[in-house]
Structure formats: C-alpha cells, structure tokens
>>> print(open('target30.txt').read())   # compact mmCIF, C-alpha atoms and all ligand atoms
# COMPACT_ATOMS: atom_id res chain seq x y z
CA MET A 260 89.08 127.25 67.24
CA SER A 261 92.74 128.26 67.41
CA SER A 262 93.57 125.15 69.50
CA PHE A 263 92.57 122.85 66.65
CA LYS A 264 94.78 124.76 64.23
CA ASN A 265 97.73 124.82 66.63
CA TRP A 266 97.46 121.10 67.29
CA SER A 267 97.26 120.44 63.56
CA ASP A 268 100.27 122.66 62.86
CA ASN A 269 102.41 121.23 65.65
CA ARG A 270 101.41 117.61 65.93
CA HIS A 271 104.90 116.22 66.48
CA ASP A 272 105.69 118.74 69.24
CA TYR A 273 102.37 117.90 70.87
CA ALA A 274 103.11 114.15 70.97
CA ARG A 275 106.64 114.72 72.30
CA GLU A 276 105.32 117.00 75.02
CA TRP A 277 102.59 114.49 75.90
CA LYS A 278 105.21 111.79 76.39
CA LYS A 279 107.33 114.03 78.57
CA LYS A 280 104.36 115.08 80.66
CA THR A 281 102.72 111.69 81.14
CA GLY A 282 105.60 109.25 80.74
CA GLY A 283 103.20 107.26 78.53
CA LYS A 284 103.72 105.51 75.23
CA VAL A 285 102.68 106.82 71.82
CA LEU A 286 101.53 104.54 69.02
CA GLY A 287 101.33 105.65 65.38
CA TYR A 288 98.56 104.18 63.28
CA PHE A 289 97.99 104.14 59.55
CA CYS A 290 94.28 103.99 58.96
CA THR A 291 91.16 105.09 60.81
CA TYR A 292 89.89 101.52 61.07
CA LEU A 293 92.27 101.09 64.02
CA PRO A 294 90.28 100.80 67.29
CA GLU A 295 91.59 103.76 69.27
CA GLU A 296 89.29 102.81 72.17
CA ILE A 297 91.57 99.90 73.11
CA LEU A 298 94.65 102.13 73.08
CA TYR A 299 93.04 104.70 75.35
CA ALA A 300 92.02 101.80 77.58
CA ALA A 301 95.71 100.86 77.74
CA ASP A 302 96.80 104.48 78.45
CA VAL A 303 98.64 104.60 75.13
CA LEU A 304 98.22 107.71 72.97
CA PRO A 305 97.17 106.81 69.41
CA VAL A 306 98.32 109.31 66.76
CA ARG A 307 97.51 108.90 63.11
CA ILE A 308 100.49 108.90 60.79
CA PHE A 309 100.10 111.56 58.10
CA GLY A 310 102.34 112.66 55.28
CA GLN A 311 103.60 116.18 54.79
CA HIS A 312 102.39 118.31 51.91
CA GLY A 313 105.09 119.71 49.68
CA SER A 314 107.73 117.52 51.29
CA ASP A 315 109.96 115.33 49.12
CA ILE A 316 108.86 111.69 49.14
CA GLY A 317 111.71 110.32 47.01
CA ILE A 318 113.24 108.60 50.04
CA SER A 319 110.30 106.15 50.04
CA SER A 320 111.08 104.92 46.50
CA ALA A 321 113.48 102.25 47.72
CA HIS A 322 110.73 100.76 49.89
CA ILE A 323 107.41 101.24 48.18
CA TYR A 324 106.27 101.43 44.55
CA ASP A 325 106.16 104.91 43.03
CA MET A 326 102.76 104.01 41.63
CA TYR A 327 101.33 103.64 45.11
CA CYS A 328 99.31 106.61 46.30
CA PRO A 329 101.26 109.71 47.33
CA PHE A 330 99.60 109.64 50.75
CA SER A 331 101.05 106.22 51.63
CA ARG A 332 104.46 107.18 50.18
CA SER A 333 104.48 110.46 52.05
CA CYS A 334 103.58 108.76 55.36
CA LEU A 335 106.50 106.37 54.95
CA ALA A 336 108.84 109.15 53.80
CA GLU A 337 108.12 111.15 56.95
CA GLY A 338 108.98 108.09 59.03
CA LEU A 339 112.19 107.43 57.13
CA LYS A 340 113.19 111.07 57.61
CA GLY A 341 112.87 110.63 61.37
CA LYS A 342 109.86 112.91 61.83
CA TYR A 343 108.13 110.26 63.95
CA ASP A 344 111.12 109.28 66.06
CA TYR A 345 109.05 109.63 69.23
CA LEU A 346 106.77 106.66 68.39
CA ASP A 347 107.00 103.62 70.66
CA GLY A 348 104.88 101.49 68.39
CA VAL A 349 103.00 101.36 65.11
CA ALA A 350 99.84 99.49 64.08
CA ILE A 351 97.43 99.18 61.22
CA ALA A 352 93.99 97.76 60.69
CA GLN A 353 93.87 96.51 57.11
CA SER A 354 92.37 98.99 54.68
CA CYS A 355 94.27 98.95 51.39
CA MET A 356 97.43 97.49 49.90
CA HIS A 357 99.24 100.82 49.53
CA ILE A 358 99.10 101.93 53.12
CA ARG A 359 99.76 98.38 54.29
CA GLN A 360 103.01 98.43 52.37
CA ALA A 361 103.94 101.68 54.13
CA PHE A 362 103.29 99.91 57.44
CA TRP A 363 105.30 96.82 56.52
CA SER A 364 108.24 98.87 55.40
CA TRP A 365 108.07 100.94 58.58
CA GLN A 366 107.96 97.77 60.65
CA LYS A 367 111.05 96.48 58.89
CA HIS A 368 113.21 99.59 58.64
CA LEU A 369 112.33 101.86 61.54
CA PRO A 370 113.08 101.21 65.19
CA VAL A 371 109.89 100.74 67.20
CA GLU A 372 109.49 98.44 70.19
CA TYR A 373 106.00 97.28 69.21
CA SER A 374 104.13 96.76 65.95
CA TYR A 375 100.86 95.06 65.17
CA TYR A 376 98.77 94.27 62.10
CA ILE A 377 95.03 93.83 62.66
CA TYR A 378 93.21 91.68 60.14
CA MET A 379 90.32 94.07 59.67
CA PRO A 380 88.10 92.28 57.13
CA HIS A 381 87.42 93.69 53.69
CA GLY A 382 84.12 91.85 53.72
CA VAL A 383 82.37 94.16 56.16
CA GLN A 384 79.07 92.93 54.73
CA SER A 385 79.89 89.25 55.12
CA LYS A 386 78.14 86.85 57.46
CA GLY A 387 80.11 86.24 60.62
CA ARG A 388 81.97 89.56 60.38
CA TYR A 389 81.10 90.67 63.91
CA GLU A 390 82.34 87.49 65.59
CA TYR A 391 85.40 87.42 63.38
CA TYR A 392 86.44 90.98 64.07
CA ARG A 393 85.71 90.67 67.76
CA GLY A 394 88.20 87.77 67.79
CA GLU A 395 90.80 89.97 66.10
CA LEU A 396 90.30 92.64 68.74
CA VAL A 397 90.72 90.08 71.52
CA GLU A 398 94.12 89.20 70.03
CA PHE A 399 95.06 92.87 69.64
CA LYS A 400 94.19 93.54 73.28
CA GLU A 401 96.25 90.52 74.39
CA SER A 402 99.19 91.69 72.34
CA LEU A 403 99.03 95.15 73.91
CA GLU A 404 98.84 93.58 77.37
CA LYS A 405 101.99 91.60 76.63
CA TRP A 406 103.80 94.70 75.35
CA LEU A 407 102.79 96.87 78.28
CA GLY A 408 103.02 94.18 80.97
CA ARG A 409 99.58 94.95 82.36
CA THR A 410 95.99 93.81 82.07
CA ILE A 411 93.37 95.84 80.24
CA SER A 412 90.21 95.42 82.31
CA ASP A 413 86.56 96.02 81.41
CA ALA A 414 86.76 99.24 83.43
CA ASP A 415 89.73 100.31 81.27
CA LEU A 416 87.76 99.51 78.13
CA ASP A 417 84.81 101.53 79.42
CA LYS A 418 87.17 104.45 79.92
CA GLY A 419 88.60 104.11 76.38
CA ILE A 420 85.15 103.79 74.84
CA ASP A 421 83.92 106.81 76.74
CA ILE A 422 86.81 109.03 75.61
CA VAL A 423 86.45 108.12 71.93
CA ARG A 424 82.66 108.11 71.95
CA LYS A 425 82.46 111.60 73.45
CA ASN A 426 84.88 112.88 70.86
CA LYS A 427 82.87 111.53 67.95
CA GLU A 428 79.52 112.61 69.39
CA SER A 429 80.78 116.15 69.90
CA MET A 430 82.04 116.37 66.33
CA ARG A 431 78.63 115.22 65.09
CA LYS A 432 77.00 118.00 67.12
CA ILE A 433 79.39 120.54 65.64
CA TRP A 434 78.72 119.31 62.10
CA GLU A 435 75.05 120.26 62.58
CA PHE A 436 76.14 123.90 62.42
CA ARG A 437 77.47 123.37 58.92
CA LYS A 438 73.91 122.84 57.73
CA ASN A 439 73.08 126.51 58.37
CA ASP A 440 72.53 128.79 55.38
CA ARG A 441 75.60 130.58 56.63
CA PRO A 442 77.63 127.69 58.14
CA SER A 443 79.09 128.52 61.54
CA ILE A 444 82.38 126.84 60.71
CA THR A 445 84.29 126.69 57.45
CA GLY A 446 85.50 123.56 55.70
CA LEU A 447 89.05 124.43 56.71
CA GLU A 448 88.09 124.69 60.37
CA ALA A 449 86.19 121.41 60.13
CA MET A 450 89.25 119.72 58.65
CA GLU A 451 91.45 121.06 61.44
CA ILE A 452 89.00 119.77 64.05
CA VAL A 453 89.12 116.21 62.69
CA PHE A 454 92.83 116.25 61.89
CA SER A 455 93.71 117.43 65.39
CA SER A 456 91.40 114.81 66.91
CA GLN A 457 93.56 112.15 65.25
CA VAL A 458 96.87 113.50 66.59
CA THR A 459 96.11 114.70 70.14
CA ASP A 460 94.92 113.25 73.42
CA LYS A 461 91.16 113.11 72.91
CA ARG A 462 90.54 114.06 76.54
CA GLU A 463 92.07 117.46 75.85
CA HIS A 464 90.42 117.62 72.44
CA ASN A 465 87.04 116.84 74.03
CA GLU A 466 87.34 119.87 76.30
CA ALA A 467 88.00 122.12 73.30
CA LEU A 468 85.05 120.57 71.44
CA GLU A 469 82.72 121.13 74.38
CA GLN A 470 83.83 124.75 74.59
CA LEU A 471 83.22 125.19 70.86
CA ILE A 472 79.73 123.68 71.13
CA THR A 473 78.77 126.37 73.63
CA GLU A 474 80.12 129.12 71.37
CA LEU A 475 78.73 128.00 68.02
CA PRO A 476 75.11 129.18 68.40
CA ASP A 477 76.38 132.79 68.53
CA ARG A 478 79.33 132.45 66.20
CA LYS A 479 79.19 134.53 63.05
CA VAL A 480 81.51 133.68 60.20
CA ASP A 481 82.20 136.89 58.37
CA ARG A 482 82.25 135.58 54.80
CA GLU A 483 79.93 134.84 51.96
CA THR A 484 78.95 131.16 51.77
CA GLY A 485 78.76 131.01 47.98
CA THR A 486 78.54 127.57 46.39
CA ARG A 487 77.94 124.84 48.96
CA LEU A 488 80.58 122.23 48.17
CA MET A 489 81.16 118.67 49.29
CA ILE A 490 84.47 116.78 49.09
CA ILE A 491 84.13 113.10 48.30
CA GLY A 492 87.22 111.00 48.14
CA SER A 493 90.40 109.44 49.35
CA GLU A 494 92.31 110.50 52.42
CA ASP A 495 92.43 114.30 52.35
CA ASP A 496 94.17 116.51 54.88
CA ASP A 497 95.12 119.18 52.39
CA ARG A 498 94.42 122.34 54.33
CA GLU A 499 96.18 124.49 51.75
CA PHE A 500 93.78 123.40 49.00
CA THR A 501 90.73 123.77 51.26
CA LYS A 502 91.83 127.28 52.27
CA MET A 503 92.53 128.23 48.67
CA VAL A 504 89.01 127.19 47.57
CA GLU A 505 87.33 128.93 50.49
CA GLU A 506 89.42 132.08 50.58
CA GLY A 507 91.38 132.47 47.39
CA LEU A 508 88.94 132.22 44.49
CA SER A 509 87.13 134.99 42.66
CA LEU A 510 83.82 133.20 43.36
CA PRO A 511 82.82 132.39 46.95
CA ALA A 512 82.53 128.76 47.98
CA THR A 513 82.35 126.82 51.25
CA PHE A 514 82.91 123.15 51.97
CA VAL A 515 79.81 122.28 53.98
CA ILE A 516 80.38 118.52 54.29
CA GLU A 517 82.71 115.76 53.14
CA ASP A 518 82.83 112.00 52.87
CA HIS A 519 86.37 110.96 53.70
CA CYS A 520 88.42 109.81 56.66
CA VAL A 521 89.71 113.22 57.82
CA GLY A 522 86.09 114.29 57.91
CA SER A 523 82.68 112.93 58.71
CA ARG A 524 83.48 109.30 57.87
CA TYR A 525 85.72 109.23 60.94
CA PHE A 526 82.92 109.84 63.43
CA TRP A 527 79.58 109.42 61.71
CA ASN A 528 77.80 106.41 63.24
CA ASP A 529 76.49 106.00 66.79
CA PHE A 530 78.25 103.70 69.22
CA THR A 531 75.97 101.02 70.68
CA PRO A 532 77.28 99.95 74.09
CA GLY A 533 77.00 96.33 75.22
CA GLU A 534 78.17 93.99 77.96
CA ASP A 535 80.81 92.58 75.59
CA ARG A 536 82.92 95.72 75.05
CA LEU A 537 85.10 94.34 72.27
CA ALA A 538 82.02 93.15 70.37
CA SER A 539 80.58 96.67 70.58
CA ILE A 540 83.83 98.18 69.34
CA ALA A 541 83.99 95.67 66.48
CA ARG A 542 80.43 96.50 65.49
CA TRP A 543 81.13 100.24 65.40
CA TYR A 544 84.06 99.87 63.00
CA LEU A 545 82.30 97.38 60.76
CA ASP A 546 79.15 99.49 60.53
CA ARG A 547 80.73 102.88 59.94
CA PRO A 548 80.24 104.54 56.53
CA PRO A 549 82.62 102.41 54.51
CA CYS A 550 85.75 103.35 52.64
CA PRO A 551 85.39 102.14 48.99
CA SER A 552 87.99 99.44 49.73
CA LYS A 553 85.35 97.75 51.89
CA ASP A 554 82.16 98.85 50.20
CA TRP A 555 81.16 95.65 48.42
CA PRO A 556 79.45 93.52 47.15
CA LYS A 557 76.69 96.10 47.66
CA ARG A 558 77.67 99.75 47.30
CA LEU A 559 76.26 101.13 50.52
CA ARG A 560 78.08 104.41 50.77
CA PHE A 561 76.30 106.09 47.88
CA SER A 562 73.01 106.33 49.74
CA HIS A 563 74.97 107.80 52.67
CA ILE A 564 76.49 110.38 50.30
CA LYS A 565 73.01 111.19 48.98
CA ASN A 566 71.75 111.81 52.53
CA LEU A 567 74.68 114.11 53.21
CA ILE A 568 74.01 116.02 49.98
CA GLN A 569 70.39 116.54 50.97
CA GLU A 570 70.97 117.34 54.63
CA TYR A 571 73.79 119.82 53.96
CA LYS A 572 72.15 121.32 50.85
CA VAL A 573 75.19 120.53 48.71
CA GLU A 574 75.25 122.25 45.31
CA ALA A 575 78.41 120.79 43.80
CA ALA A 576 81.06 118.21 44.61
CA ILE A 577 84.82 117.97 44.35
CA LEU A 578 85.90 114.37 43.84
CA MET A 579 89.31 114.24 45.41
CA GLN A 580 91.21 111.18 44.38
CA GLN A 581 94.72 110.54 45.58
CA LYS A 582 96.73 109.72 42.48
CA PHE A 583 96.90 105.91 41.97
CA CYS A 584 94.38 105.25 44.77
CA ASP A 585 92.82 102.06 43.41
CA PRO A 586 89.82 101.74 45.75
CA HIS A 587 88.58 105.24 44.99
CA GLU A 588 89.49 105.16 41.33
CA LEU A 589 87.34 102.07 40.87
CA ASP A 590 84.47 103.85 42.53
CA ILE A 591 84.61 107.03 40.47
CA PRO A 592 82.71 105.96 37.30
CA ALA A 593 79.77 104.70 39.36
CA LEU A 594 79.95 107.75 41.61
CA LYS A 595 79.83 110.10 38.61
CA THR A 596 76.75 108.33 37.29
CA TYR A 597 75.15 108.54 40.71
CA LEU A 598 75.85 112.28 41.01
CA ASP A 599 74.54 112.83 37.47
CA GLU A 600 71.28 111.20 38.53
CA LEU A 601 71.15 113.49 41.56
CA ASP A 602 71.89 116.46 39.27
CA ILE A 603 74.95 117.40 41.33
CA PRO A 604 77.78 118.86 39.23
CA TYR A 605 81.23 117.57 40.15
CA TYR A 606 84.85 118.12 39.38
CA LEU A 607 87.45 115.38 39.65
CA ILE A 608 90.89 116.20 40.99
CA GLU A 609 93.65 113.65 40.90
CA PHE A 610 95.62 114.71 43.88
CA ASP A 611 99.30 114.53 44.69
CA VAL A 612 101.02 115.81 47.85
CA LEU A 613 103.74 117.25 45.64
CA VAL A 614 101.42 119.47 43.61
CA PRO A 615 100.99 122.88 45.23
CA ALA A 616 97.35 123.89 45.71
CA GLY A 617 97.88 127.04 43.62
CA GLN A 618 98.10 124.94 40.46
CA LEU A 619 94.52 123.81 40.99
CA LYS A 620 93.16 127.32 41.47
CA THR A 621 92.28 128.05 37.84
CA ARG A 622 90.69 124.65 37.36
CA VAL A 623 88.41 124.89 40.39
CA GLU A 624 87.56 128.49 39.55
CA ALA A 625 86.56 127.44 36.02
CA PHE A 626 84.37 124.68 37.46
CA LEU A 627 82.58 127.11 39.77
CA GLU A 628 82.11 129.58 36.91
CA THR A 629 80.51 126.88 34.77
CA ARG A 630 78.19 126.11 37.62
CA VAL A 631 77.18 129.74 37.95
CA GLU A 632 76.48 129.84 34.22
CA LEU A 633 74.30 126.73 34.53
CA VAL A 634 72.30 128.31 37.37
S1 LIG B 701 94.33 107.11 49.54
FE1 LIG B 701 93.59 105.21 48.59
S2 LIG B 701 95.42 104.03 48.06
FE2 LIG B 701 96.04 105.66 49.50
S3 LIG B 701 95.95 104.72 51.50
FE3 LIG B 701 93.93 105.65 51.19
S4 LIG B 701 92.63 104.05 50.24
FE4 LIG B 701 94.79 103.41 50.11
>>> encode(input="target30.txt", output="structure tokens")
Amino acid sequence: MSSFKNWSDNRHDYAREWKKKTGGKVLGYFCTYLPEEILYAADVLPVRIFGQHGSDIGISSAHIYDMYCPFSRSCLAEGLKGKYDYLDGVAIAQSCMHIRQAFWSWQKHLPVEYSYYIYMPHGVQSKGRYEYYRGELVEFKESLEKWLGRTISDADLDKGIDIVRKNKESMRKIWEFRKNDRPSITGLEAMEIVFSSQVTDKREHNEALEQLITELPDRKVDRETGTRLMIIGSEDDDREFTKMVEEGLSLPATFVIEDHCVGSRYFWNDFTPGEDRLASIARWYLDRPPCPSKDWPKRLRFSHIKNLIQEYKVEAAILMQQKFCDPHELDIPALKTYLDELDIPYYLIEFDVLVPAGQLKTRVEAFLETRVELV
C-alpha cells in the first residue's frame, strides 16, 4: 500500500525518473476521457495533470477566469509555476469549458513540443457517437505518429489496451473488498490507488495492484468502520479531507465508495475487445459511467449511483462540488431529490483547493452527529 502513497506524494519525481530511465516522452493530460491506451501503444507515458492543494493559484488569474473551478485554475497554476517542466506534450479530450481553458492557456503559454485537442463528444448518448469518436481517435493516433516519427501498429494497440485494461480490472477487484462490513481498505487508500494509477507507468502500478490483491483477503484494518460514506461529485483528489473524515472526527466514518474521476468512475466498465481496436477504445470511453457534463438528455448516472449505494451499503453521502463547477452544480438539485427518495442523508460541500480541510471538520462532524440522532 505504501507504493501508492509514495507515488501520489512524489508524482513529479516519478515522471522525471521515468524519463531518465527509459528515454521516453511524457504527456500530460487534463481529463480522464483521454484514451491512455493509445499513448501506451506509442510508448509515451500519460500523466494526469492535477493541481496542488493549499498552493496559491493567483498566477492563473491572467489566463483563466477566477470564476472557473479551482481545480482547473490550480492545474494551470502548477504549469505556470514550472512544476510540470518535464512534459513533452499535453492533450485533452473535451469534458468541460473550465478545464479546456486551462489546456488552451497551457498550449499557448508553456513550452511543449506537442499538444492535441480531442473532440470527445458531449452527446455520448447520440446516434452515430461510436463511429464519430472512432474517427477522432484515428486522427489522434495519426497525430501521435507524426510527432513521434513512427507507426502505431495493431500489435502496439493491443499492448496499450492490455496495460490499461489490466489496471482497471485490478482496481475493480480491489474495490470488492470495500463492500466488507469492515472494509479492507480505507477511502484514503482507495484514493491513493487511483491517483497513483493516473501519474505512474501502469505496468509498474499493475504489479503493485496484483500484489495487493493477494494480500487483501487477510488484511485487517485496525479501525472502526462507523458510518459508511460515499463521495459523489466533481474531480476530487483531496487526500487531506478524506484523511480528516476517516481519522480526525469524534465519530468514526469510512468512505466505502465514490462516484468521481479519481475513483470508481475512472475504471468501472468492462472493456469489450474487437478486431477494430480504436472502435473498442471509443466504445469504452463513451459507455463509461458519465460525468454530468455528458450525462444528457437522459440522466443515466443516477441509477449507477443507486447501484453503488446498494452494493456498498452506503449510509450517507458527501456531495463534493468544486466551487463554480457548472456541470455538477446543475446536477445537484436533481441528485438531492434522488437521494431523498432513496432515504440517503447527504451533506453538500462546495470545495476549494485553497480551503484547508480543517475548516470543514466541524461541519462534517455535525452532519454525522445528526445522522446518529436520526438512527
Ligand atoms: S470540476 Fe467541474 S468545472 Fe472543474 S474541470 Fe471538472 S467538470 Fe470541469
């Protein structure tokens, strides 16, 4: 388990070391809709660009609106401060306007030899989506081939698919252990597993996951489970907050599942292989549990959330909304109604990377106390 924490703590050092060791290129990406399979096929290391909690994001103000979400501003700020100076390229698959602006500004103001914008459709329920997105992936692959001066063959794609697929399958196996009455891993550990998966070479990460899978049946977590919590929301890699809720409150609580992109949404659905590799990759990304920015005209993710609540025996939810995050904010009224119908108490937190987790302690504690009173 310590590997996942170390990788999460030292992601920049890891990527720099990887470059030195392999002589390969590293590409930073802005949203988990980016098809990492194609990058592994091209022997490029994809690392997700994250912000830095507690770090000043004022430097981004000249480039991006202050009323864009703190996550997107923090990502850009870290780039402008030179924290990602080892990147050879950046790319994004369209998710929302805020993070796209961070990408565009990066593309314009920071020196990278390659950048690419993938027109990932918002209409993931629309007719023709599979053919359309497959076409986008063909163009992305061609652009990478031009950058790298080499061909990406079907055998390369099989390799890339295999690396990413194994990683996601292993995480799904590990998540099964969170269903236990006494979950074998904490929410903080789960977050570190997914976070580190997005910033390391998945081949190395896969070995650590396989090792963990063998250990989990006998692993005892020496803590009281308390209230079984779920996080539902925007991008969330706030380990400090997660730790504070699980370790620092007067009432015990454990995050047993989550629906966001540094959690189960990143790896949930099965990959269906096919002769046409890019079509299979396109299908996987279009069919994954959607981010609210793509969850229309039908709201499909709520039934997925309900299944998670039932399977993981969730007792209460924290709705974690990045401040100013439009897609999630629009979803919240309907989500509250849905949770009311399921009789799941919830607490909404408008989150900002600049607000230390300690400030939320009393509020979350009060929410848990109310819940205890209700029970
Ligand atoms: S948190 Fe919301 S606004 Fe920010 S990048 Fe994600 S979807 Fe976009």
>>> closest_residue(input="target30.txt", among="A:Leu416, A:Ile491, A:Ala512, A:Met579", to="A:Glu296", atoms="all atoms listed in the file")
A:Leu416
>>> closest_atom_pairs(input="target30.txt", of="chain A", to="ligand LIG 701 (chain B)", cutoff="10 Å", atoms="all atoms listed in the file", output="JSON lines")
{"residue": "A:Phe289", "atom": "CA", "partner": "B:LIG701", "partner_atom": "S3", "distance": 8.3}
{"residue": "A:Cys290", "atom": "CA", "partner": "B:LIG701", "partner_atom": "S3", "distance": 7.7}
{"residue": "A:Met326", "atom": "CA", "partner": "B:LIG701", "partner_atom": "S2", "distance": 9.8}
{"residue": "A:Tyr327", "atom": "CA", "partner": "B:LIG701", "partner_atom": "S2", "distance": 6.6}
{"residue": "A:Cys328", "atom": "CA", "partner": "B:LIG701", "partner_atom": "FE2", "distance": 4.7}
{"residue": "A:Pro329", "atom": "CA", "partner": "B:LIG701", "partner_atom": "FE2", "distance": 7.0}
{"residue": "A:Phe330", "atom": "CA", "partner": "B:LIG701", "partner_atom": "FE2", "distance": 5.5}
{"residue": "A:Ser331", "atom": "CA", "partner": "B:LIG701", "partner_atom": "S3", "distance": 5.3}
{"residue": "A:Arg332", "atom": "CA", "partner": "B:LIG701", "partner_atom": "FE2", "distance": 8.6}
{"residue": "A:Cys334", "atom": "CA", "partner": "B:LIG701", "partner_atom": "S3", "distance": 9.5}
{"residue": "A:Gln353", "atom": "CA", "partner": "B:LIG701", "partner_atom": "FE4", "distance": 9.9}
{"residue": "A:Ser354", "atom": "CA", "partner": "B:LIG701", "partner_atom": "S4", "distance": 6.7}
{"residue": "A:Cys355", "atom": "CA", "partner": "B:LIG701", "partner_atom": "FE4", "distance": 4.7}
{"residue": "A:Met356", "atom": "CA", "partner": "B:LIG701", "partner_atom": "FE4", "distance": 6.5}
{"residue": "A:His357", "atom": "CA", "partner": "B:LIG701", "partner_atom": "FE4", "distance": 5.2}
{"residue": "A:Ile358", "atom": "CA", "partner": "B:LIG701", "partner_atom": "S3", "distance": 4.5}
{"residue": "A:Arg359", "atom": "CA", "partner": "B:LIG701", "partner_atom": "S3", "distance": 7.9}
{"residue": "A:Gln360", "atom": "CA", "partner": "B:LIG701", "partner_atom": "S3", "distance": 9.5}
{"residue": "A:Ala361", "atom": "CA", "partner": "B:LIG701", "partner_atom": "S3", "distance": 8.9}
{"residue": "A:Gly492", "atom": "CA", "partner": "B:LIG701", "partner_atom": "S1", "distance": 8.2}
{"residue": "A:Ser493", "atom": "CA", "partner": "B:LIG701", "partner_atom": "S1", "distance": 4.6}
{"residue": "A:Glu494", "atom": "CA", "partner": "B:LIG701", "partner_atom": "S1", "distance": 4.9}
{"residue": "A:Asp495", "atom": "CA", "partner": "B:LIG701", "partner_atom": "S1", "distance": 7.9}
{"residue": "A:His519", "atom": "CA", "partner": "B:LIG701", "partner_atom": "FE3", "distance": 9.6}
{"residue": "A:Cys520", "atom": "CA", "partner": "B:LIG701", "partner_atom": "FE3", "distance": 8.8}
{"residue": "A:Cys550", "atom": "CA", "partner": "B:LIG701", "partner_atom": "S4", "distance": 7.3}
{"residue": "A:Pro551", "atom": "CA", "partner": "B:LIG701", "partner_atom": "S4", "distance": 7.6}
{"residue": "A:Ser552", "atom": "CA", "partner": "B:LIG701", "partner_atom": "S4", "distance": 6.6}
{"residue": "A:Lys553", "atom": "CA", "partner": "B:LIG701", "partner_atom": "S4", "distance": 9.8}
{"residue": "A:Met579", "atom": "CA", "partner": "B:LIG701", "partner_atom": "S1", "distance": 9.6}
{"residue": "A:Gln580", "atom": "CA", "partner": "B:LIG701", "partner_atom": "S1", "distance": 7.3}
{"residue": "A:Gln581", "atom": "CA", "partner": "B:LIG701", "partner_atom": "S1", "distance": 5.3}
{"residue": "A:Lys582", "atom": "CA", "partner": "B:LIG701", "partner_atom": "S1", "distance": 7.9}
{"residue": "A:Phe583", "atom": "CA", "partner": "B:LIG701", "partner_atom": "S2", "distance": 6.5}
{"residue": "A:Cys584", "atom": "CA", "partner": "B:LIG701", "partner_atom": "S2", "distance": 3.7}
{"residue": "A:Asp585", "atom": "CA", "partner": "B:LIG701", "partner_atom": "S2", "distance": 5.7}
{"residue": "A:Pro586", "atom": "CA", "partner": "B:LIG701", "partner_atom": "S4", "distance": 5.8}
{"residue": "A:His587", "atom": "CA", "partner": "B:LIG701", "partner_atom": "FE1", "distance": 6.2}
{"residue": "A:Glu588", "atom": "CA", "partner": "B:LIG701", "partner_atom": "FE1", "distance": 8.3}
{"residue": "A:Phe610", "atom": "CA", "partner": "B:LIG701", "partner_atom": "S1", "distance": 9.6}
>>> closest_residue(input="target30.txt", among="A:Trp365, A:Trp555, A:Tyr605, A:Phe263", to="A:Ser385", atoms="only C-alpha atoms")
A:Trp555
>>> atom_distance(input="target30.txt", atom1="atom CA of A:Ala274", atom2="atom CA of A:Leu468")
19.2 Å
>>> residues_near_point(input="target30.txt", point="(109.7, 112.7, 50.1)", cutoff="10 Å", atoms="all atoms listed in the file", output="PyMOL selection string")
chain A and resi 310-320+329+332-337+339-340+612-613
>>> atom_distance(input="target30.txt", atom1="atom CA of A:Ser267", atom2="atom CA of A:Met430")
16.0 Å
>>> closest_residue(input="target30.txt", among="A:Asp518, A:Glu506, A:Glu390, A:Asp344", to="A:Leu369", atoms="only C-alpha atoms")
A:Asp344
>>> atom_distance(input="target30.txt", atom1="atom CA of A:Phe500", atom2="atom CA of A:Arg487")
15.9 Å
>>> residues_near_point(input="target30.txt", point="(77.7, 98.3, 74.1)", cutoff="12 Å", atoms="only C-alpha atoms", output="compact mmCIF listing (two decimals) with C-alpha atoms, in the coordinates of the input")
# COMPACT_ATOMS: atom_id res chain seq x y z
CA ASP A 413 86.56 96.02 81.41
CA LEU A 416 87.76 99.51 78.13
CA ASP A 417 84.81 101.53 79.42
CA ILE A 420 85.15 103.79 74.84
CA ASP A 421 83.92 106.81 76.74
CA ARG A 424 82.66 108.11 71.95
CA ASP A 529 76.49 106.00 66.79
CA PHE A 530 78.25 103.70 69.22
CA THR A 531 75.97 101.02 70.68
CA PRO A 532 77.28 99.95 74.09
CA GLY A 533 77.00 96.33 75.22
CA GLU A 534 78.17 93.99 77.96
CA ASP A 535 80.81 92.58 75.59
CA ARG A 536 82.92 95.72 75.05
CA LEU A 537 85.10 94.34 72.27
CA ALA A 538 82.02 93.15 70.37
CA SER A 539 80.58 96.67 70.58
CA ILE A 540 83.83 98.18 69.34
CA ALA A 541 83.99 95.67 66.48
CA ARG A 542 80.43 96.50 65.49
CA TRP A 543 81.13 100.24 65.40
>>> closest_residue(input="target30.txt", among="A:Ile452, A:Leu447, A:Leu545, A:Ala300", to="A:Tyr391", atoms="all atoms listed in the file")
A:Leu545
>>> closest_residue(input="target30.txt", among="A:Pro380, A:Pro305, A:Gly287, A:Gly408", to="A:Gly338", atoms="only C-alpha atoms")
A:Gly287
>>> residues_around(input="target30.txt", residues="A:Lys418", least_positions_apart="4", cutoff="12 Å", atoms="only C-alpha atoms", output="PyMOL selection string")
chain A and resi 295-302+411-414+422-425+461-462+536
>>> axis_aligned_box(input="target30.txt", around="stretch 539-556 of chain A", padding_each_side="3 Å", output="AutoDock Vina command-line options")
--center_x 83.6 --center_y 99.0 --center_z 58.9 --size_x 14.8 --size_y 17.0 --size_z 29.4
>>> closest_residue(input="target30.txt", among="A:Lys620, A:Lys367, A:Arg524, A:Arg307", to="A:Leu293", atoms="all atoms listed in the file")
A:Arg307
